[in-house]
>>> print(open('input.txt').read())   # compact mmCIF, C-alpha atoms
# COMPACT_ATOMS: atom_id res chain seq x y z
CA MET A 1 -30.62 43.13 85.83
CA THR A 2 -32.56 40.02 84.78
CA LYS A 3 -33.45 39.81 81.09
CA SER A 4 -37.09 39.53 80.09
CA ILE A 5 -38.35 36.30 78.57
CA ASN A 6 -38.84 38.14 75.25
CA GLU A 7 -35.20 39.23 75.28
CA ILE A 8 -34.09 35.68 76.00
CA LYS A 9 -36.41 34.39 73.28
CA LYS A 10 -34.72 36.72 70.75
CA GLU A 11 -31.32 35.39 71.83
CA PHE A 12 -32.48 31.84 71.14
CA GLU A 13 -34.00 32.81 67.78
CA GLN A 14 -30.70 34.32 66.62
CA ALA A 15 -28.45 31.57 68.00
CA ASP A 16 -26.45 29.09 65.98
CA ARG A 17 -25.71 25.57 67.29
CA GLN A 18 -22.71 26.63 69.40
CA SER A 19 -24.54 29.63 70.82
CA LEU A 20 -27.49 27.43 71.79
CA LEU A 21 -25.23 25.32 73.99
CA SER A 22 -24.00 28.47 75.67
CA LEU A 23 -27.56 29.74 76.14
CA TYR A 24 -28.62 26.44 77.72
CA GLU A 25 -25.80 26.84 80.22
CA THR A 26 -26.50 30.53 80.85
CA TYR A 27 -30.21 30.01 81.60
CA ARG A 28 -30.19 26.50 83.13
CA ASP A 29 -30.91 27.85 86.62
CA ASP A 30 -33.60 30.31 85.47
CA ASN A 31 -36.77 28.73 86.84
CA ARG A 32 -39.26 31.01 85.13
CA ALA A 33 -41.77 28.87 83.26
CA GLY A 34 -41.22 30.80 80.01
CA VAL A 35 -37.47 30.22 80.08
CA VAL A 36 -37.82 26.54 81.04
CA SER A 37 -40.32 26.13 78.19
CA LEU A 38 -38.03 27.93 75.73
CA ILE A 39 -35.07 25.70 76.57
CA ALA A 40 -37.25 22.58 76.28
CA LYS A 41 -38.57 23.75 72.90
CA TYR A 42 -35.11 24.30 71.44
CA LYS A 43 -33.75 21.04 72.84
CA LYS A 44 -36.72 19.20 71.31
CA GLN A 45 -36.05 20.89 67.93
CA GLU A 46 -32.41 19.87 68.17
CA GLU A 47 -33.36 16.28 68.92
CA LYS A 48 -35.75 16.19 65.95
CA LEU A 49 -33.05 17.61 63.69
CA LYS A 50 -30.56 15.02 64.96
CA GLN A 51 -33.08 12.23 64.25
CA GLU A 52 -33.69 13.57 60.75
CA LYS A 53 -29.96 13.77 60.02
CA ASN A 54 -29.59 10.17 61.20
CA ARG A 55 -32.52 9.08 59.00
CA ILE A 56 -30.99 10.79 55.97
CA GLU A 57 -27.61 9.25 56.78
CA GLU A 58 -29.28 5.81 56.77
CA MET A 59 -30.84 6.66 53.38
CA CYS A 60 -27.31 7.09 51.96
CA ILE A 61 -26.61 3.36 52.26
CA TYR A 62 -26.75 2.75 48.50
CA GLU A 63 -24.83 5.91 47.69
CA ARG A 64 -22.05 4.77 50.07
CA LYS A 65 -22.14 1.20 48.74
CA TYR A 66 -21.65 2.46 45.18
CA ALA A 67 -19.43 5.44 46.03
CA ASP A 68 -16.90 4.38 43.37
CA PHE A 69 -19.40 5.48 40.71
CA GLN A 70 -19.05 9.17 39.91
CA TYR A 71 -22.60 9.94 38.82
CA ILE A 72 -25.30 8.01 40.69
CA CYS A 73 -28.79 8.69 39.36
CA GLY A 74 -32.00 8.05 41.25
CA ILE A 75 -35.04 7.40 39.11
CA ASP A 76 -38.73 7.00 39.90
CA GLU A 77 -42.08 7.41 38.23
CA VAL A 78 -45.31 9.09 39.17
CA GLY A 79 -48.73 8.65 37.63
CA ARG A 80 -48.61 4.89 37.20
CA GLY A 81 -51.54 4.29 39.58
CA PRO A 82 -54.18 6.79 38.35
CA LEU A 83 -56.80 5.76 35.81
CA ALA A 84 -56.15 8.78 33.61
CA GLY A 85 -53.32 11.15 32.82
CA PRO A 86 -49.70 10.82 31.76
CA VAL A 87 -46.97 8.80 33.39
CA VAL A 88 -44.00 10.94 34.41
CA ALA A 89 -40.52 9.84 35.44
CA GLY A 90 -37.88 11.90 37.15
CA ALA A 91 -34.14 11.29 37.20
CA VAL A 92 -31.74 13.13 39.49
CA ILE A 93 -28.02 13.06 40.12
CA LEU A 94 -27.27 14.58 43.52
CA PRO A 95 -23.81 15.69 44.62
CA LYS A 96 -21.75 13.17 46.59
CA ASP A 97 -22.00 15.29 49.74
CA CYS A 98 -25.74 15.88 49.43
CA ASP A 99 -27.16 17.45 52.57
CA ILE A 100 -30.85 17.78 51.74
CA LEU A 101 -32.97 16.98 54.79
CA TYR A 102 -36.53 15.57 54.77
CA LEU A 103 -36.18 13.66 51.48
CA ASN A 104 -38.72 10.86 51.44
CA ASP A 105 -41.37 9.08 49.41
CA SER A 106 -43.44 12.00 48.07
CA LYS A 107 -46.65 10.39 49.34
CA LYS A 108 -45.31 10.83 52.87
CA LEU A 109 -44.69 14.57 52.43
CA SER A 110 -47.04 17.53 52.60
CA GLU A 111 -47.53 19.62 49.47
CA LYS A 112 -45.64 22.48 51.10
CA MET A 113 -42.67 20.22 51.92
CA ARG A 114 -42.66 18.75 48.38
CA GLU A 115 -42.48 22.27 46.94
CA ARG A 116 -39.68 23.29 49.32
CA LEU A 117 -37.73 20.13 48.50
CA TYR A 118 -38.28 20.65 44.76
CA ASP A 119 -36.61 24.05 44.97
CA GLU A 120 -33.72 22.72 47.04
CA ILE A 121 -33.21 19.66 44.82
CA MET A 122 -33.24 21.78 41.66
CA GLU A 123 -30.74 24.16 43.23
CA LYS A 124 -28.33 21.47 44.48
CA ALA A 125 -28.66 18.68 41.90
CA VAL A 126 -25.80 17.95 39.55
CA ALA A 127 -28.38 17.05 36.87
CA THR A 128 -32.11 16.40 36.52
CA GLY A 129 -34.22 14.90 33.76
CA ILE A 130 -37.95 14.41 33.20
CA GLY A 131 -39.79 12.01 30.91
CA ILE A 132 -43.52 12.32 30.18
CA ILE A 133 -45.61 9.75 28.30
CA SER A 134 -49.11 10.69 27.21
CA PRO A 135 -52.29 8.76 27.98
CA ALA A 136 -52.62 7.91 24.27
CA ARG A 137 -49.17 6.33 24.25
CA ILE A 138 -50.00 4.44 27.47
CA ASP A 139 -53.07 3.00 25.70
CA GLU A 140 -50.84 1.91 22.79
CA ILE A 141 -48.11 0.12 24.75
CA ASN A 142 -49.53 -0.44 28.31
CA ILE A 143 -48.65 1.32 31.54
CA LEU A 144 -45.55 -0.72 32.39
CA GLN A 145 -43.95 -0.16 28.98
CA ALA A 146 -44.93 3.53 29.15
CA THR A 147 -43.24 3.75 32.57
CA TYR A 148 -40.04 2.29 31.13
CA GLU A 149 -40.26 4.71 28.20
CA ALA A 150 -40.71 7.68 30.56
CA MET A 151 -37.70 6.52 32.60
CA ARG A 152 -35.52 6.15 29.49
CA MET A 153 -36.61 9.63 28.41
CA ALA A 154 -35.80 11.09 31.85
CA ILE A 155 -32.32 9.52 31.72
CA SER A 156 -31.70 10.83 28.21
CA ASN A 157 -32.75 14.33 29.35
CA LEU A 158 -29.99 14.47 31.97
CA LYS A 159 -27.14 16.81 31.01
CA LEU A 160 -24.65 14.17 32.26
CA LYS A 161 -24.62 10.44 31.60
CA PRO A 162 -24.95 8.55 34.89
CA ASP A 163 -22.63 5.67 35.76
CA LEU A 164 -25.24 3.94 37.93
CA LEU A 165 -29.02 3.97 38.22
CA LEU A 166 -30.78 3.46 41.54
CA ASN A 167 -34.29 2.57 40.39
CA ASP A 168 -37.44 2.40 42.44
CA ALA A 169 -38.25 -1.34 42.20
CA VAL A 170 -37.71 -1.93 38.47
CA THR A 171 -35.00 -2.81 35.97
CA ILE A 172 -35.43 -0.63 32.89
CA PRO A 173 -35.13 -2.55 29.59
CA GLU A 174 -32.89 -1.22 26.80
CA ILE A 175 -30.58 0.65 29.19
CA GLU A 176 -26.85 -0.15 29.12
CA ILE A 177 -26.09 1.66 32.40
CA LYS A 178 -25.65 -0.52 35.52
CA GLN A 179 -28.95 -0.61 37.43
CA VAL A 180 -29.83 -1.39 41.04
CA PRO A 181 -33.57 -1.88 41.60
CA ILE A 182 -34.57 -0.98 45.16
CA ILE A 183 -37.96 -1.99 46.52
CA LYS A 184 -39.52 1.20 48.00
CA GLY A 185 -36.40 3.00 46.83
CA ASP A 186 -38.04 6.42 47.18
CA ALA A 187 -38.03 5.87 50.96
CA LYS A 188 -34.68 4.05 51.18
CA SER A 189 -32.29 6.10 49.04
CA VAL A 190 -31.62 9.83 48.94
CA SER A 191 -31.08 9.57 45.19
>>> encode(input="input.txt", output="structure tokens")
Amino acid sequence: MTKSINEIKKEFEQADRQSLLSLYETYRDDNRAGVVSLIAKYKKQEEKLKQEKNRIEEMCIYERKYADFQYICGIDEVGRGPLAGPVVAGAVILPKDCDILYLNDSKKLSEKMRERLYDEIMEKAVATGIGIISPARIDEINILQATYEAMRMAISNLKLKPDLLLNDAVTIPEIEIKQVPIIKGDAKSVS
């Protein structure tokens, strides 16, 4: 008896990677439009996932280059562009075998994706730190110095001392830790 398209759809929904390959083989000669469409949909999803894994692998270039360092910390700021409000810096040390997909410059992500990634990063990170500098302090010392101050604060709020900092475009003054400034680092490094 031939399975209905809904039954086949449930099989695909419950399948892992290995099972998908088997399902492709099982239904390759089924010419019903719904089955052909289902196979195409899952193959397209697989291709997108493969591309994303490759993109993330490319974003590990700095982490591989500096793999001898135990704790590699990525650091970036937010709030430097607006006319009002605080400047905030975040520091994160991810595990060596980090497998978080869809990491990217936050401006390139939807709000929903940023929230999902926040939860995953907080769950998987070895350590995180935040630094916040008020608008009043920004007015006292200027936005660039306030950014550096927020970054130093974020680093000091980590529960572990990093061995290396991968910074988004800047070298932070008054920091003794080795630093690697990366132009557009938030889109080039997973850290």
>>> atom_distance(input="input.txt", atom1="atom CA of A:Val36", atom2="atom CA of A:Asp16")
19.0 Å
>>> atom_distance(input="input.txt", atom1="atom CA of A:Pro86", atom2="atom CA of A:Tyr62")
29.5 Å
>>> closest_atom_pairs(input="input.txt", of="stretch 45-88 of chain A", to="stretch 154-160 of chain A", cutoff="10 Å", atoms="only C-alpha atoms", output="Markdown table")
| residue | atom | partner | partner_atom | distance |
| --- | --- | --- | --- | --- |
| A:Tyr71 | CA | A:Leu160 | CA | 8.1 |
| A:Cys73 | CA | A:Ile155 | CA | 8.5 |
| A:Gly74 | CA | A:Ile155 | CA | 9.6 |
| A:Ile75 | CA | A:Ile155 | CA | 8.2 |
| A:Asp76 | CA | A:Ala154 | CA | 9.5 |
| A:Glu77 | CA | A:Ala154 | CA | 9.7 |
| A:Val88 | CA | A:Ala154 | CA | 8.6 |
>>> closest_residue(input="input.txt", among="A:Lys107, A:Ile141, A:Asp97, A:Gly129", to="A:Met153", atoms="only C-alpha atoms")
A:Gly129
>>> atom_distance(input="input.txt", atom1="atom CA of A:Leu166", atom2="atom CA of A:Tyr118")
19.0 Å
>>> closest_residue(input="input.txt", among="A:Leu101, A:Leu109, A:Ala127, A:Ile177", to="A:Lys50", atoms="all atoms listed in the file")
A:Leu101
>>> closest_residue(input="input.txt", among="A:Ile182, A:Leu165, A:Ile172, A:Leu94", to="A:Ala146", atoms="all atoms listed in the file")
A:Ile172
>>> residues_near_point(input="input.txt", point="(-40.4, 2.3, 40.0)", cutoff="12 Å", atoms="only C-alpha atoms", output="ChimeraX atom specification")
/A:74-81,87-91,105,143-148,150-151,165-172,180-187
>>> residues_near_point(input="input.txt", point="(-34.0, 33.8, 73.9)", cutoff="10 Å", atoms="all atoms listed in the file", output="list of chain:residue names")
A:Lys3, A:Ser4, A:Ile5, A:Asn6, A:Glu7, A:Ile8, A:Lys9, A:Lys10, A:Glu11, A:Phe12, A:Glu13, A:Gln14, A:Ala15, A:Leu20, A:Leu23, A:Tyr24, A:Tyr27, A:Gly34, A:Val35, A:Leu38, A:Ile39, A:Tyr42
>>> write_last_selection(input="input.txt", atoms="C-alpha atoms", output="tab-separated table (two decimals), in the coordinates of the input")
chain	number	residue	atom	x	y	z
A	3	LYS	CA	-33.45	39.81	81.09
A	4	SER	CA	-37.09	39.53	80.09
A	5	ILE	CA	-38.35	36.30	78.57
A	6	ASN	CA	-38.84	38.14	75.25
A	7	GLU	CA	-35.20	39.23	75.28
A	8	ILE	CA	-34.09	35.68	76.00
A	9	LYS	CA	-36.41	34.39	73.28
A	10	LYS	CA	-34.72	36.72	70.75
A	11	GLU	CA	-31.32	35.39	71.83
A	12	PHE	CA	-32.48	31.84	71.14
A	13	GLU	CA	-34.00	32.81	67.78
A	14	GLN	CA	-30.70	34.32	66.62
A	15	ALA	CA	-28.45	31.57	68.00
A	20	LEU	CA	-27.49	27.43	71.79
A	23	LEU	CA	-27.56	29.74	76.14
A	24	TYR	CA	-28.62	26.44	77.72
A	27	TYR	CA	-30.21	30.01	81.60
A	34	GLY	CA	-41.22	30.80	80.01
A	35	VAL	CA	-37.47	30.22	80.08
A	38	LEU	CA	-38.03	27.93	75.73
A	39	ILE	CA	-35.07	25.70	76.57
A	42	TYR	CA	-35.11	24.30	71.44
>>> residues_around(input="input.txt", residues="A:Pro95", least_positions_apart="4", cutoff="9 Å", atoms="only C-alpha atoms", output="mmCIF file with C-alpha atoms, in the frame of the given file")
data_model
loop_
_atom_site.group_PDB
_atom_site.id
_atom_site.type_symbol
_atom_site.label_atom_id
_atom_site.label_comp_id
_atom_site.auth_asym_id
_atom_site.auth_seq_id
_atom_site.Cartn_x
_atom_site.Cartn_y
_atom_site.Cartn_z
ATOM 1 C CA TYR A 71 -22.600 9.940 38.820
ATOM 2 C CA ILE A 72 -25.300 8.010 40.690
ATOM 3 C CA ASP A 99 -27.160 17.450 52.570
ATOM 4 C CA LYS A 124 -28.330 21.470 44.480
ATOM 5 C CA ALA A 125 -28.660 18.680 41.900
ATOM 6 C CA VAL A 126 -25.800 17.950 39.550
#
>>> axis_aligned_box(input="input.txt", around="stretch 124-132 of chain A", padding_each_side="5 Å", output="JSON")
{"center_x": -34.7, "center_y": 16.7, "center_z": 37.3, "size_x": 27.7, "size_y": 19.5, "size_z": 24.3}
>>> residues_around(input="input.txt", residues="A:Ser134", least_positions_apart="2", cutoff="8 Å", atoms="all atoms listed in the file", output="PyMOL selection string")
chain A and resi 85-87+132+136-138
>>> build_atoms(input="input.txt", residues="stretch 36-72 of chain A", atoms="N, CA and C atoms", output="PDB file, in the coordinates of the input")
ATOM      1  N   VAL A  36     -37.872  28.012  81.011  1.00  0.00           N
ATOM      2  CA  VAL A  36     -37.820  26.540  81.040  1.00  0.00           C
ATOM      3  C   VAL A  36     -38.461  25.983  79.770  1.00  0.00           C
ATOM      4  N   SER A  37     -39.600  26.549  79.394  1.00  0.00           N
ATOM      5  CA  SER A  37     -40.320  26.130  78.190  1.00  0.00           C
ATOM      6  C   SER A  37     -39.499  26.398  76.934  1.00  0.00           C
ATOM      7  N   LEU A  38     -38.856  27.553  76.877  1.00  0.00           N
ATOM      8  CA  LEU A  38     -38.030  27.930  75.730  1.00  0.00           C
ATOM      9  C   LEU A  38     -36.869  26.952  75.546  1.00  0.00           C
ATOM     10  N   ILE A  39     -36.184  26.646  76.635  1.00  0.00           N
ATOM     11  CA  ILE A  39     -35.070  25.700  76.570  1.00  0.00           C
ATOM     12  C   ILE A  39     -35.569  24.323  76.122  1.00  0.00           C
ATOM     13  N   ALA A  40     -36.684  23.884  76.665  1.00  0.00           N
ATOM     14  CA  ALA A  40     -37.250  22.580  76.280  1.00  0.00           C
ATOM     15  C   ALA A  40     -37.607  22.558  74.802  1.00  0.00           C
ATOM     16  N   LYS A  41     -38.184  23.653  74.311  1.00  0.00           N
ATOM     17  CA  LYS A  41     -38.570  23.750  72.900  1.00  0.00           C
ATOM     18  C   LYS A  41     -37.354  23.613  71.993  1.00  0.00           C
ATOM     19  N   TYR A  42     -36.293  24.344  72.290  1.00  0.00           N
ATOM     20  CA  TYR A  42     -35.110  24.300  71.440  1.00  0.00           C
ATOM     21  C   TYR A  42     -34.376  22.964  71.531  1.00  0.00           C
ATOM     22  N   LYS A  43     -34.369  22.362  72.707  1.00  0.00           N
ATOM     23  CA  LYS A  43     -33.750  21.040  72.840  1.00  0.00           C
ATOM     24  C   LYS A  43     -34.545  19.999  72.050  1.00  0.00           C
ATOM     25  N   LYS A  44     -35.875  20.130  72.069  1.00  0.00           N
ATOM     26  CA  LYS A  44     -36.720  19.200  71.310  1.00  0.00           C
ATOM     27  C   LYS A  44     -36.476  19.378  69.800  1.00  0.00           C
ATOM     28  N   GLN A  45     -36.355  20.628  69.344  1.00  0.00           N
ATOM     29  CA  GLN A  45     -36.050  20.890  67.930  1.00  0.00           C
ATOM     30  C   GLN A  45     -34.712  20.283  67.551  1.00  0.00           C
ATOM     31  N   GLU A  46     -33.733  20.442  68.426  1.00  0.00           N
ATOM     32  CA  GLU A  46     -32.410  19.870  68.170  1.00  0.00           C
ATOM     33  C   GLU A  46     -32.468  18.354  68.061  1.00  0.00           C
ATOM     34  N   GLU A  47     -33.233  17.738  68.946  1.00  0.00           N
ATOM     35  CA  GLU A  47     -33.360  16.280  68.920  1.00  0.00           C
ATOM     36  C   GLU A  47     -34.035  15.820  67.630  1.00  0.00           C
ATOM     37  N   LYS A  48     -35.073  16.532  67.208  1.00  0.00           N
ATOM     38  CA  LYS A  48     -35.750  16.190  65.950  1.00  0.00           C
ATOM     39  C   LYS A  48     -34.802  16.333  64.762  1.00  0.00           C
ATOM     40  N   LEU A  49     -34.019  17.392  64.764  1.00  0.00           N
ATOM     41  CA  LEU A  49     -33.050  17.610  63.690  1.00  0.00           C
ATOM     42  C   LEU A  49     -32.004  16.500  63.682  1.00  0.00           C
ATOM     43  N   LYS A  50     -31.543  16.110  64.845  1.00  0.00           N
ATOM     44  CA  LYS A  50     -30.560  15.020  64.960  1.00  0.00           C
ATOM     45  C   LYS A  50     -31.155  13.723  64.402  1.00  0.00           C
ATOM     46  N   GLN A  51     -32.409  13.433  64.755  1.00  0.00           N
ATOM     47  CA  GLN A  51     -33.080  12.230  64.250  1.00  0.00           C
ATOM     48  C   GLN A  51     -33.208  12.272  62.733  1.00  0.00           C
ATOM     49  N   GLU A  52     -33.550  13.441  62.199  1.00  0.00           N
ATOM     50  CA  GLU A  52     -33.690  13.570  60.750  1.00  0.00           C
ATOM     51  C   GLU A  52     -32.343  13.378  60.056  1.00  0.00           C
ATOM     52  N   LYS A  53     -31.295  13.954  60.607  1.00  0.00           N
ATOM     53  CA  LYS A  53     -29.960  13.770  60.020  1.00  0.00           C
ATOM     54  C   LYS A  53     -29.557  12.301  60.045  1.00  0.00           C
ATOM     55  N   ASN A  54     -29.881  11.607  61.119  1.00  0.00           N
ATOM     56  CA  ASN A  54     -29.590  10.170  61.200  1.00  0.00           C
ATOM     57  C   ASN A  54     -30.403   9.392  60.173  1.00  0.00           C
ATOM     58  N   ARG A  55     -31.670   9.758  59.993  1.00  0.00           N
ATOM     59  CA  ARG A  55     -32.520   9.080  59.000  1.00  0.00           C
ATOM     60  C   ARG A  55     -31.952   9.276  57.595  1.00  0.00           C
ATOM     61  N   ILE A  56     -31.567  10.503  57.282  1.00  0.00           N
ATOM     62  CA  ILE A  56     -30.990  10.790  55.970  1.00  0.00           C
ATOM     63  C   ILE A  56     -29.667  10.044  55.792  1.00  0.00           C
ATOM     64  N   GLU A  57     -28.877   9.988  56.838  1.00  0.00           N
ATOM     65  CA  GLU A  57     -27.610   9.250  56.780  1.00  0.00           C
ATOM     66  C   GLU A  57     -27.868   7.774  56.456  1.00  0.00           C
ATOM     67  N   GLU A  58     -28.903   7.199  57.059  1.00  0.00           N
ATOM     68  CA  GLU A  58     -29.280   5.810  56.770  1.00  0.00           C
ATOM     69  C   GLU A  58     -29.740   5.662  55.318  1.00  0.00           C
ATOM     70  N   MET A  59     -30.372   6.707  54.772  1.00  0.00           N
ATOM     71  CA  MET A  59     -30.840   6.660  53.380  1.00  0.00           C
ATOM     72  C   MET A  59     -29.686   6.780  52.374  1.00  0.00           C
ATOM     73  N   CYS A  60     -28.485   7.000  52.843  1.00  0.00           N
ATOM     74  CA  CYS A  60     -27.310   7.090  51.960  1.00  0.00           C
ATOM     75  C   CYS A  60     -26.617   5.747  51.805  1.00  0.00           C
ATOM     76  N   ILE A  61     -27.237   4.678  52.268  1.00  0.00           N
ATOM     77  CA  ILE A  61     -26.610   3.360  52.260  1.00  0.00           C
ATOM     78  C   ILE A  61     -26.197   2.934  50.837  1.00  0.00           C
ATOM     79  N   TYR A  62     -27.070   3.154  49.875  1.00  0.00           N
ATOM     80  CA  TYR A  62     -26.750   2.750  48.500  1.00  0.00           C
ATOM     81  C   TYR A  62     -25.712   3.676  47.889  1.00  0.00           C
ATOM     82  N   GLU A  63     -25.805   4.947  48.200  1.00  0.00           N
ATOM     83  CA  GLU A  63     -24.830   5.910  47.690  1.00  0.00           C
ATOM     84  C   GLU A  63     -23.436   5.603  48.242  1.00  0.00           C
ATOM     85  N   ARG A  64     -23.350   5.169  49.487  1.00  0.00           N
ATOM     86  CA  ARG A  64     -22.050   4.770  50.070  1.00  0.00           C
ATOM     87  C   ARG A  64     -21.578   3.459  49.449  1.00  0.00           C
ATOM     88  N   LYS A  65     -22.497   2.513  49.299  1.00  0.00           N
ATOM     89  CA  LYS A  65     -22.140   1.200  48.740  1.00  0.00           C
ATOM     90  C   LYS A  65     -21.560   1.345  47.335  1.00  0.00           C
ATOM     91  N   TYR A  66     -22.088   2.279  46.559  1.00  0.00           N
ATOM     92  CA  TYR A  66     -21.650   2.460  45.180  1.00  0.00           C
ATOM     93  C   TYR A  66     -20.858   3.763  44.996  1.00  0.00           C
ATOM     94  N   ALA A  67     -20.166   4.167  46.034  1.00  0.00           N
ATOM     95  CA  ALA A  67     -19.430   5.440  46.030  1.00  0.00           C
ATOM     96  C   ALA A  67     -18.350   5.514  44.946  1.00  0.00           C
ATOM     97  N   ASP A  68     -17.910   4.370  44.434  1.00  0.00           N
ATOM     98  CA  ASP A  68     -16.900   4.380  43.370  1.00  0.00           C
ATOM     99  C   ASP A  68     -17.457   4.913  42.044  1.00  0.00           C
ATOM    100  N   PHE A  69     -18.773   4.934  41.910  1.00  0.00           N
ATOM    101  CA  PHE A  69     -19.400   5.480  40.710  1.00  0.00           C
ATOM    102  C   PHE A  69     -19.469   7.000  40.854  1.00  0.00           C
ATOM    103  N   GLN A  70     -19.071   7.705  39.813  1.00  0.00           N
ATOM    104  CA  GLN A  70     -19.050   9.170  39.910  1.00  0.00           C
ATOM    105  C   GLN A  70     -20.440   9.774  39.908  1.00  0.00           C
ATOM    106  N   TYR A  71     -21.270   9.354  38.951  1.00  0.00           N
ATOM    107  CA  TYR A  71     -22.600   9.940  38.820  1.00  0.00           C
ATOM    108  C   TYR A  71     -23.670   8.883  39.088  1.00  0.00           C
ATOM    109  N   ILE A  72     -24.239   8.936  40.278  1.00  0.00           N
ATOM    110  CA  ILE A  72     -25.300   8.010  40.690  1.00  0.00           C
ATOM    111  C   ILE A  72     -26.630   8.721  40.477  1.00  0.00           C
TER     112      ILE A  72
END
